[in-house]
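Enquirer: Below is the file my_file04.csv, with CSV, C-alpha atoms and all ligand atoms.
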```
chain,number,residue,atom,x,y,z
X,294,MET,CA,37.2,-132.9,115.0
X,295,ARG,CA,35.5,-136.3,115.3
X,296,ALA,CA,36.5,-137.4,111.8
X,297,CYS,CA,40.1,-137.1,112.8
X,298,GLN,CA,39.9,-139.6,115.6
X,299,PRO,CA,42.1,-142.5,114.5
X,300,ASN,CA,40.9,-145.7,116.0
X,301,PHE,CA,37.8,-147.1,117.6
X,302,SER,CA,37.0,-150.5,118.9
X,303,VAL,CA,34.5,-152.3,121.0
X,304,SER,CA,35.1,-154.1,124.2
X,305,GLU,CA,32.5,-156.1,126.1
X,306,GLU,CA,31.9,-155.9,129.8
X,307,ARG,CA,31.7,-159.6,129.8
X,308,PRO,CA,33.1,-161.8,127.1
X,309,ALA,CA,31.2,-162.6,123.9
X,310,ALA,CA,29.1,-165.7,124.4
X,311,GLU,CA,31.1,-168.9,124.1
X,312,GLY,CA,34.3,-168.0,122.6
X,313,GLY,CA,34.8,-164.5,121.2
X,314,SER,CA,34.9,-164.6,117.4
X,315,GLU,CA,33.8,-168.3,117.1
X,316,ILE,CA,30.3,-168.6,115.5
X,317,ASN,CA,27.9,-169.3,118.3
X,318,ALA,CA,24.9,-171.1,116.6
X,319,MET,CA,22.7,-170.1,119.5
X,320,ALA,CA,23.4,-166.3,119.4
X,321,PHE,CA,20.5,-164.2,118.1
X,322,ILE,CA,22.9,-161.6,116.6
X,323,GLN,CA,26.6,-162.2,116.1
X,324,GLY,CA,29.2,-159.9,114.6
X,325,ARG,CA,32.6,-161.4,113.6
X,326,GLN,CA,35.5,-159.1,112.9
X,327,LEU,CA,33.3,-156.3,111.7
X,328,HIS,CA,35.2,-153.3,110.2
X,329,LYS,CA,33.7,-150.1,109.1
X,330,THR,CA,35.8,-147.5,107.3
X,331,TYR,CA,34.4,-144.2,106.1
X,332,HIS,CA,36.1,-142.1,103.5
X,333,LEU,CA,35.7,-138.3,103.8
X,334,GLY,CA,37.7,-136.7,100.9
X,335,LYS,CA,41.2,-137.8,101.7
X,336,THR,CA,40.4,-138.6,105.3
X,337,ARG,CA,39.9,-142.3,106.2
X,338,VAL,CA,38.0,-142.9,109.3
X,339,GLU,CA,38.1,-146.4,110.8
X,340,ALA,CA,35.0,-146.2,112.8
X,341,LEU,CA,35.0,-149.9,113.8
X,342,ARG,CA,38.0,-152.2,113.4
X,343,GLY,CA,37.5,-155.8,114.2
X,344,VAL,CA,34.4,-156.0,116.3
X,345,ASP,CA,33.3,-159.4,117.7
X,346,PHE,CA,30.1,-159.7,119.7
X,347,ALA,CA,27.2,-162.0,120.4
X,348,ILE,CA,23.8,-160.9,121.6
X,349,GLU,CA,21.3,-163.5,122.8
X,350,ARG,CA,17.6,-163.3,122.1
X,351,GLY,CA,15.8,-161.4,124.9
X,352,GLU,CA,19.0,-159.5,126.0
X,353,TYR,CA,18.9,-155.9,126.9
X,354,VAL,CA,22.3,-154.4,125.9
X,355,CYS,CA,23.6,-150.9,126.2
X,356,ILE,CA,26.4,-149.7,123.8
X,357,ALA,CA,28.3,-147.1,125.7
X,358,GLY,CA,31.4,-145.0,125.1
X,359,PRO,CA,32.6,-141.5,124.2
X,360,SER,CA,31.3,-139.4,121.4
X,361,GLY,CA,32.7,-140.5,118.0
X,362,ALA,CA,33.7,-143.9,119.3
X,363,GLY,CA,31.5,-145.8,116.8
X,364,LYS,CA,28.3,-146.6,118.7
X,365,SER,CA,25.9,-145.4,116.0
X,366,THR,CA,28.0,-147.1,113.4
X,367,LEU,CA,27.8,-150.4,115.2
X,368,LEU,CA,24.1,-149.9,115.8
X,369,ASN,CA,23.6,-149.3,112.1
X,370,LEU,CA,25.4,-152.5,111.2
X,371,ILE,CA,23.4,-154.5,113.7
X,372,GLY,CA,20.2,-153.0,112.3
X,373,MET,CA,21.3,-153.8,108.8
X,374,LEU,CA,20.9,-150.2,107.8
X,375,ASP,CA,24.5,-150.2,106.6
X,376,ALA,CA,26.9,-152.9,105.5
X,377,PRO,CA,30.3,-153.4,107.1
X,378,THR,CA,33.5,-152.8,105.1
X,379,SER,CA,34.5,-156.3,106.0
X,380,GLY,CA,33.5,-159.0,108.5
X,381,GLU,CA,30.4,-161.0,109.0
X,382,LEU,CA,27.1,-160.4,110.6
X,383,TYR,CA,24.7,-163.3,111.6
X,384,PHE,CA,21.1,-162.6,112.6
X,385,ASP,CA,18.6,-165.2,113.7
X,386,GLY,CA,20.8,-168.0,112.2
X,387,GLN,CA,21.3,-166.3,108.9
X,388,GLN,CA,24.4,-164.7,107.4
X,389,ILE,CA,23.4,-161.1,106.5
X,390,THR,CA,26.6,-160.1,104.9
X,391,GLY,CA,26.5,-161.2,101.3
X,392,LYS,CA,22.8,-160.9,100.9
X,393,SER,CA,21.5,-158.4,98.4
X,394,ASP,CA,20.0,-155.1,99.5
X,395,ARG,CA,16.5,-156.3,98.6
X,396,GLU,CA,17.0,-159.5,100.7
X,397,VAL,CA,18.3,-157.5,103.6
X,398,HIS,CA,15.4,-155.1,103.4
X,399,ASP,CA,12.9,-158.0,103.4
X,400,PHE,CA,14.7,-159.8,106.2
X,401,ARG,CA,14.9,-156.7,108.4
X,402,LYS,CA,11.4,-155.3,108.0
X,403,SER,CA,9.5,-157.8,110.1
X,404,ARG,CA,12.2,-158.2,112.7
X,405,VAL,CA,13.8,-154.9,113.5
X,406,THR,CA,12.7,-151.5,114.6
X,407,PHE,CA,14.9,-148.5,115.0
X,408,ILE,CA,14.3,-145.6,117.4
X,409,PHE,CA,16.0,-142.9,115.4
X,410,GLN,CA,17.5,-139.7,116.8
X,411,SER,CA,15.5,-137.9,114.2
X,412,PHE,CA,11.9,-138.8,114.7
X,413,ASN,CA,10.6,-139.2,111.1
X,414,LEU,CA,7.0,-138.7,112.0
X,415,ILE,CA,4.6,-138.2,109.1
X,416,PRO,CA,3.6,-134.5,109.2
X,417,VAL,CA,0.0,-134.9,107.8
X,418,LEU,CA,-0.9,-137.6,110.3
X,419,ASP,CA,-1.7,-136.9,113.9
X,420,ALA,CA,0.1,-138.7,116.8
X,421,TYR,CA,-2.5,-141.5,116.9
X,422,GLU,CA,-2.3,-142.1,113.2
X,423,ASN,CA,1.5,-142.0,113.2
X,424,ILE,CA,1.6,-144.7,115.8
X,425,GLU,CA,-1.0,-146.7,113.9
X,426,PHE,CA,0.7,-146.4,110.5
X,427,PRO,CA,3.1,-149.4,110.8
X,428,LEU,CA,0.3,-151.5,112.4
X,429,LEU,CA,-1.8,-150.9,109.3
X,430,ILE,CA,1.0,-152.2,107.1
X,431,GLN,CA,1.2,-155.2,109.4
X,432,ASN,CA,-2.5,-155.8,109.1
X,433,VAL,CA,-3.1,-155.6,112.8
X,434,GLY,CA,-6.9,-155.5,113.5
X,435,LYS,CA,-8.6,-152.3,114.6
X,436,LYS,CA,-9.4,-153.3,118.2
X,437,GLU,CA,-5.8,-154.6,118.7
X,438,ARG,CA,-4.4,-151.4,117.1
X,439,ARG,CA,-6.4,-149.2,119.5
X,440,GLN,CA,-5.4,-151.1,122.5
X,441,ARG,CA,-1.7,-151.0,121.7
X,442,ILE,CA,-1.8,-147.3,120.8
X,443,GLU,CA,-3.6,-146.3,123.9
X,444,ARG,CA,-1.4,-148.4,126.2
X,445,LEU,CA,1.8,-147.1,124.6
X,446,ALA,CA,0.6,-143.5,124.4
X,447,ALA,CA,-0.1,-143.7,128.2
X,448,ALA,CA,3.2,-145.4,128.9
X,449,VAL,CA,5.2,-142.6,127.2
X,450,GLY,CA,2.9,-139.9,128.4
X,451,VAL,CA,1.3,-138.6,125.2
X,452,GLU,CA,-2.2,-139.9,125.7
X,453,THR,CA,-3.7,-136.3,125.8
X,454,TYR,CA,-1.9,-135.3,122.5
X,455,LEU,CA,-3.1,-138.1,120.3
X,456,ARG,CA,-5.0,-135.7,118.0
X,457,HIS,CA,-2.0,-133.4,117.6
X,458,LYS,CA,0.0,-133.3,114.4
X,459,PRO,CA,3.8,-133.4,114.7
X,460,ASP,CA,4.2,-129.6,114.3
X,461,GLU,CA,1.7,-129.2,117.1
X,462,LEU,CA,3.9,-131.1,119.5
X,463,SER,CA,7.1,-130.2,121.4
X,464,GLY,CA,10.4,-132.0,120.4
X,465,GLY,CA,10.1,-134.3,123.5
X,466,GLN,CA,6.5,-135.1,122.7
X,467,ARG,CA,7.4,-136.0,119.1
X,468,GLN,CA,10.2,-138.2,120.4
X,469,ARG,CA,7.8,-140.0,122.6
X,470,VAL,CA,5.3,-140.6,119.8
X,471,ALA,CA,8.1,-141.9,117.7
X,472,ILE,CA,9.1,-144.3,120.5
X,473,ALA,CA,5.5,-145.5,120.9
X,474,ARG,CA,5.3,-146.0,117.1
X,475,ALA,CA,8.5,-148.1,117.1
X,476,LEU,CA,7.4,-150.3,120.0
X,477,ALA,CA,3.8,-150.8,118.7
X,478,THR,CA,4.9,-153.2,116.0
X,479,GLN,CA,6.3,-155.6,118.7
X,480,PRO,CA,9.5,-156.4,116.7
X,481,ALA,CA,12.0,-159.1,117.8
X,482,LEU,CA,14.8,-156.4,118.0
X,483,VAL,CA,14.6,-152.8,119.0
X,484,LEU,CA,17.6,-150.6,118.3
X,485,GLY,CA,17.7,-147.2,120.0
X,486,ASP,CA,20.3,-144.5,119.3
X,487,GLU,CA,20.3,-142.3,122.4
X,488,PRO,CA,16.5,-142.8,122.9
X,489,THR,CA,16.3,-140.8,126.1
X,490,ALA,CA,18.8,-138.0,125.1
X,491,ASN,CA,16.3,-135.2,124.7
X,492,LEU,CA,13.8,-136.2,127.4
X,493,ASP,CA,13.4,-134.9,130.9
X,494,SER,CA,14.4,-137.5,133.6
X,495,VAL,CA,10.9,-138.5,134.5
X,496,THR,CA,9.9,-139.2,130.9
X,497,GLY,CA,13.2,-140.9,130.3
X,498,ARG,CA,12.6,-143.1,133.3
X,499,LYS,CA,9.1,-144.0,131.9
X,500,ILE,CA,10.6,-144.9,128.5
X,501,LEU,CA,13.2,-147.1,130.2
X,502,GLU,CA,10.5,-148.9,132.3
X,503,LEU,CA,8.4,-149.4,129.1
X,504,MET,CA,11.4,-151.0,127.3
X,505,ARG,CA,12.2,-153.2,130.2
X,506,GLU,CA,8.6,-154.3,130.5
X,507,MET,CA,8.5,-155.2,126.8
X,508,ASN,CA,11.8,-157.0,127.2
X,509,ARG,CA,10.4,-159.1,130.1
X,510,GLU,CA,6.9,-159.7,128.7
X,511,GLN,CA,7.7,-160.3,125.0
X,512,ARG,CA,11.3,-161.2,125.2
X,513,THR,CA,12.1,-158.3,122.9
X,514,THR,CA,15.8,-157.8,122.4
X,515,PHE,CA,17.0,-154.3,123.0
X,516,VAL,CA,20.3,-152.8,121.8
X,517,VAL,CA,20.6,-149.2,122.9
X,518,ALA,CA,23.4,-146.8,122.3
X,519,SER,CA,23.5,-144.3,125.2
X,520,HIS,CA,25.6,-142.0,127.3
X,521,ASP,CA,22.9,-142.1,129.9
X,522,GLU,CA,23.9,-143.8,133.1
X,523,ALA,CA,20.3,-144.8,133.8
X,524,VAL,CA,20.2,-146.7,130.5
X,525,MET,CA,23.5,-148.5,131.4
X,526,ARG,CA,22.1,-149.4,134.8
X,527,GLU,CA,18.9,-150.8,133.3
X,528,ALA,CA,20.8,-152.9,130.8
X,529,ASP,CA,21.7,-156.6,131.3
X,530,ARG,CA,25.1,-155.9,129.8
X,531,VAL,CA,27.1,-152.9,128.7
X,532,ILE,CA,29.2,-153.2,125.5
X,533,ARG,CA,31.7,-150.4,125.8
X,534,VAL,CA,33.0,-148.8,122.7
X,535,VAL,CA,36.5,-147.4,123.3
X,536,ASP,CA,39.3,-146.4,120.9
X,537,GLY,CA,41.9,-149.0,120.1
X,538,VAL,CA,41.4,-152.6,119.5
X,539,ILE,CA,38.9,-155.1,120.9
X,540,GLN,CA,39.6,-155.4,124.6
X,541,PRO,CA,38.7,-158.2,127.0
X,542,ALA,CA,36.1,-157.5,129.7
X,543,ASP,CA,37.2,-154.7,132.0
X,544,ARG,CA,35.0,-154.2,135.0
X,545,ALA,CA,36.8,-151.0,135.9
X,546,LEU,CA,35.3,-149.4,132.7
X,547,HIS,CA,31.8,-150.2,133.9
X,548,VAL,CA,29.9,-147.3,135.3
X,549,SER,CA,29.1,-148.0,138.9
X,550,ALA,CA,25.4,-148.4,139.7
U,1,LIG,N1,28.9,-141.2,107.2
U,1,LIG,C1,30.0,-140.9,107.7
U,1,LIG,N2,31.1,-140.5,107.0
U,1,LIG,C2,32.3,-140.3,107.5
U,1,LIG,N3,32.6,-140.5,108.8
U,1,LIG,C3,31.6,-140.9,109.6
U,1,LIG,C4,30.3,-141.1,109.1
U,1,LIG,N4,29.5,-141.6,110.1
U,1,LIG,C5,30.3,-141.5,111.2
U,1,LIG,N5,31.6,-141.1,110.9
U,1,LIG,C6,32.7,-141.0,111.8
U,1,LIG,O1,32.9,-142.3,112.4
U,1,LIG,C7,33.2,-142.2,113.7
U,1,LIG,C8,32.2,-142.9,114.6
U,1,LIG,O2,31.0,-142.2,114.5
U,1,LIG,P1,29.7,-142.7,115.2
U,1,LIG,O3,28.6,-141.8,114.7
U,1,LIG,O4,29.5,-144.1,115.1
U,1,LIG,O5,30.1,-142.3,116.8
U,1,LIG,P2,29.2,-142.4,118.1
U,1,LIG,O6,29.9,-143.2,119.1
U,1,LIG,O7,27.8,-142.8,117.7
U,1,LIG,O8,29.2,-140.9,118.6
U,1,LIG,P3,28.1,-140.0,119.3
U,1,LIG,O9,28.1,-140.4,120.8
U,1,LIG,O10,28.6,-138.6,119.2
U,1,LIG,O11,26.8,-140.2,118.7
U,1,LIG,C9,33.3,-140.7,114.0
U,1,LIG,O12,34.7,-140.3,113.9
U,1,LIG,C10,32.5,-140.1,112.9
U,1,LIG,O13,33.0,-138.8,112.6
U,2,MG,MG,26.0,-141.7,117.8
```
Spell out the structure here as structure tokens.
Expert:
Amino acid sequence: MRACQPNFSVSEERPAAEGGSEINAMAFIQGRQLHKTYHLGKTRVEALRGVDFAIERGEYVCIAGPSGAGKSTLLNLIGMLDAPTSGELYFDGQQITGKSDREVHDFRKSRVTFIFQSFNLIPVLDAYENIEFPLLIQNVGKKERRQRIERLAAAVGVETYLRHKPDELSGGQRQRVAIARALATQPALVLGDEPTANLDSVTGRKILELMREMNREQRTTFVVASHDEAVMREADRVIRVVDGVIQPADRALHVSA
């Protein structure tokens, strides 16, 4: 049972930028000694224990590692969806830990998008409207909205399904609409939890190309948890979550390209 796994930690394929747990003023996102402990009845699960990392703006990072190792937990901390049990998180020059929920929410909303494993599409809206929804909140103009939606829909291969409501789409199509919706807002940071997991390899490839293109053109930072070797190959860097303590870079752990 996953909850019984004792220890998890994170190692990086190459060392954290400039000096491990030292605060790097230049890093876009920095975690310092992040711990996350869950309590399930009498069971205590140390999902993360002492995680140090630094992610630069414009990096494309893959968080890899076995099931139950703490990848989603780490992603949730980076995305400020959950608070660490202890440790510090810095984002864009600001210390996040210690902020109130309201402050974190306001800070996060214009900067971070999450591609969830569950798609969270709005059932009464069709695919076009679902992708459009966050753009309306951001006051993006109509012409710009249409251009972004059409470009992204074509890129993820749902351009012929834009008038379908979520329950008129397959699971994979729903996932692609959700990805288009997440990317449409052009956030500074995109977090993805197994974004290609339920997709066929051709569509998965398309999504990866789209993410890489955004990363190059708009300097969008991507942090993606994945078991998928194609994702790891695409990434600039692999942060490998393994059980135990934080380990130094270990190239032997890296999946060969
Ligand atoms: N809300 C929670 N309550 C209790 N334990 C949790 C909770 N969320 C995660 N865990 C436990 O923490 C550990 C890390 O879970 P996490 O979901 O981060 O793993 P993961 O690396 O993302 O795994 P997978 O590859 O299967 O998605 C697991 O042992 C899991 O059972
Ligand atoms: Mg997970």
Enquirer: Restricting the calculation to all atoms listed in the file: of X:Gln387, X:Ser360, X:Thr406, X:Asn491, which residue gets closest to Val516 in chain X?
Expert: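 Ranked by minimum distance to Val516 in chain X, first place goes to X:Thr406.
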Enquirer: Can you write out as JSON lines which residues of chain X fall within 8 Å of ligand MG 2 (chain U), alongside each residue's closest atom pair and its distance in Å to one decimal, counting all atoms listed in the file and ordering rows by chain and ascending residue number?
Expert:
```
{"residue": "X:Ser360", "atom": "CA", "partner": "U:MG2", "partner_atom": "MG", "distance": 6.8}
{"residue": "X:Gly361", "atom": "CA", "partner": "U:MG2", "partner_atom": "MG", "distance": 6.8}
{"residue": "X:Gly363", "atom": "CA", "partner": "U:MG2", "partner_atom": "MG", "distance": 6.9}
{"residue": "X:Lys364", "atom": "CA", "partner": "U:MG2", "partner_atom": "MG", "distance": 5.5}
{"residue": "X:Ser365", "atom": "CA", "partner": "U:MG2", "partner_atom": "MG", "distance": 4.1}
{"residue": "X:Thr366", "atom": "CA", "partner": "U:MG2", "partner_atom": "MG", "distance": 7.2}
{"residue": "X:Asp486", "atom": "CA", "partner": "U:MG2", "partner_atom": "MG", "distance": 6.5}
{"residue": "X:Glu487", "atom": "CA", "partner": "U:MG2", "partner_atom": "MG", "distance": 7.3}
{"residue": "X:Ala518", "atom": "CA", "partner": "U:MG2", "partner_atom": "MG", "distance": 7.3}
```
Enquirer: Just give me the gap between CA of Arg505 in chain X and CA of Arg526 in chain X in Å, one decimal is fine.
Expert: 11.6 Å
Enquirer: Considering only C-alpha atoms, state which residue in the set X:Ala447, X:Leu327, X:Cys355, X:Leu484 is at the smallest distance from Val534 in chain X.
Expert: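 For Val534 in chain X, the nearest of the given residues is X:Cys355.
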Enquirer: Please find the residues contacting ligand LIG 1 (chain U) at a distance of at most 7 Å between atoms, with only C-alpha atoms and all ligand atoms counted, and report them as a CSV table (one decimal) with C-alpha atoms, in the frame of the given file.
Expert:
```
chain,number,residue,atom,x,y,z
X,295,ARG,CA,35.5,-136.3,115.3
X,296,ALA,CA,36.5,-137.4,111.8
X,297,CYS,CA,40.1,-137.1,112.8
X,298,GLN,CA,39.9,-139.6,115.6
X,331,TYR,CA,34.4,-144.2,106.1
X,332,HIS,CA,36.1,-142.1,103.5
X,333,LEU,CA,35.7,-138.3,103.8
X,338,VAL,CA,38.0,-142.9,109.3
X,339,GLU,CA,38.1,-146.4,110.8
X,340,ALA,CA,35.0,-146.2,112.8
X,358,GLY,CA,31.4,-145.0,125.1
X,359,PRO,CA,32.6,-141.5,124.2
X,360,SER,CA,31.3,-139.4,121.4
X,361,GLY,CA,32.7,-140.5,118.0
X,362,ALA,CA,33.7,-143.9,119.3
X,363,GLY,CA,31.5,-145.8,116.8
X,364,LYS,CA,28.3,-146.6,118.7
X,365,SER,CA,25.9,-145.4,116.0
X,366,THR,CA,28.0,-147.1,113.4
X,367,LEU,CA,27.8,-150.4,115.2
```
Enquirer: Record the distance separating CA of Glu527 in chain X and CA of Gly386 in chain X, expressed in Å with one decimal.
Expert: 27.3 Å
Enquirer: Anything within 12 Å of (15.1, -146.5, 115.7): list those residues as a VMD selection string, counting all atoms listed in the file and sticking to the file's coordinates.
Expert: chain X and resid 365 368 to 369 371 to 374 405 to 414 468 to 469 471 to 476 480 482 to 489 515 to 518
Enquirer: Counting all atoms listed in the file, write as a list in words all protein and nucleic acid residues lying at most 12 Å from (29.5, -145.0, 100.4) in the file's frame.
Expert: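 With a cut-off of 12 Å, the residues come to Lys329, Thr330, Tyr331, His332, Leu333, Gly334, Asp375, Ala376, Pro377 and Thr378 of chain X.
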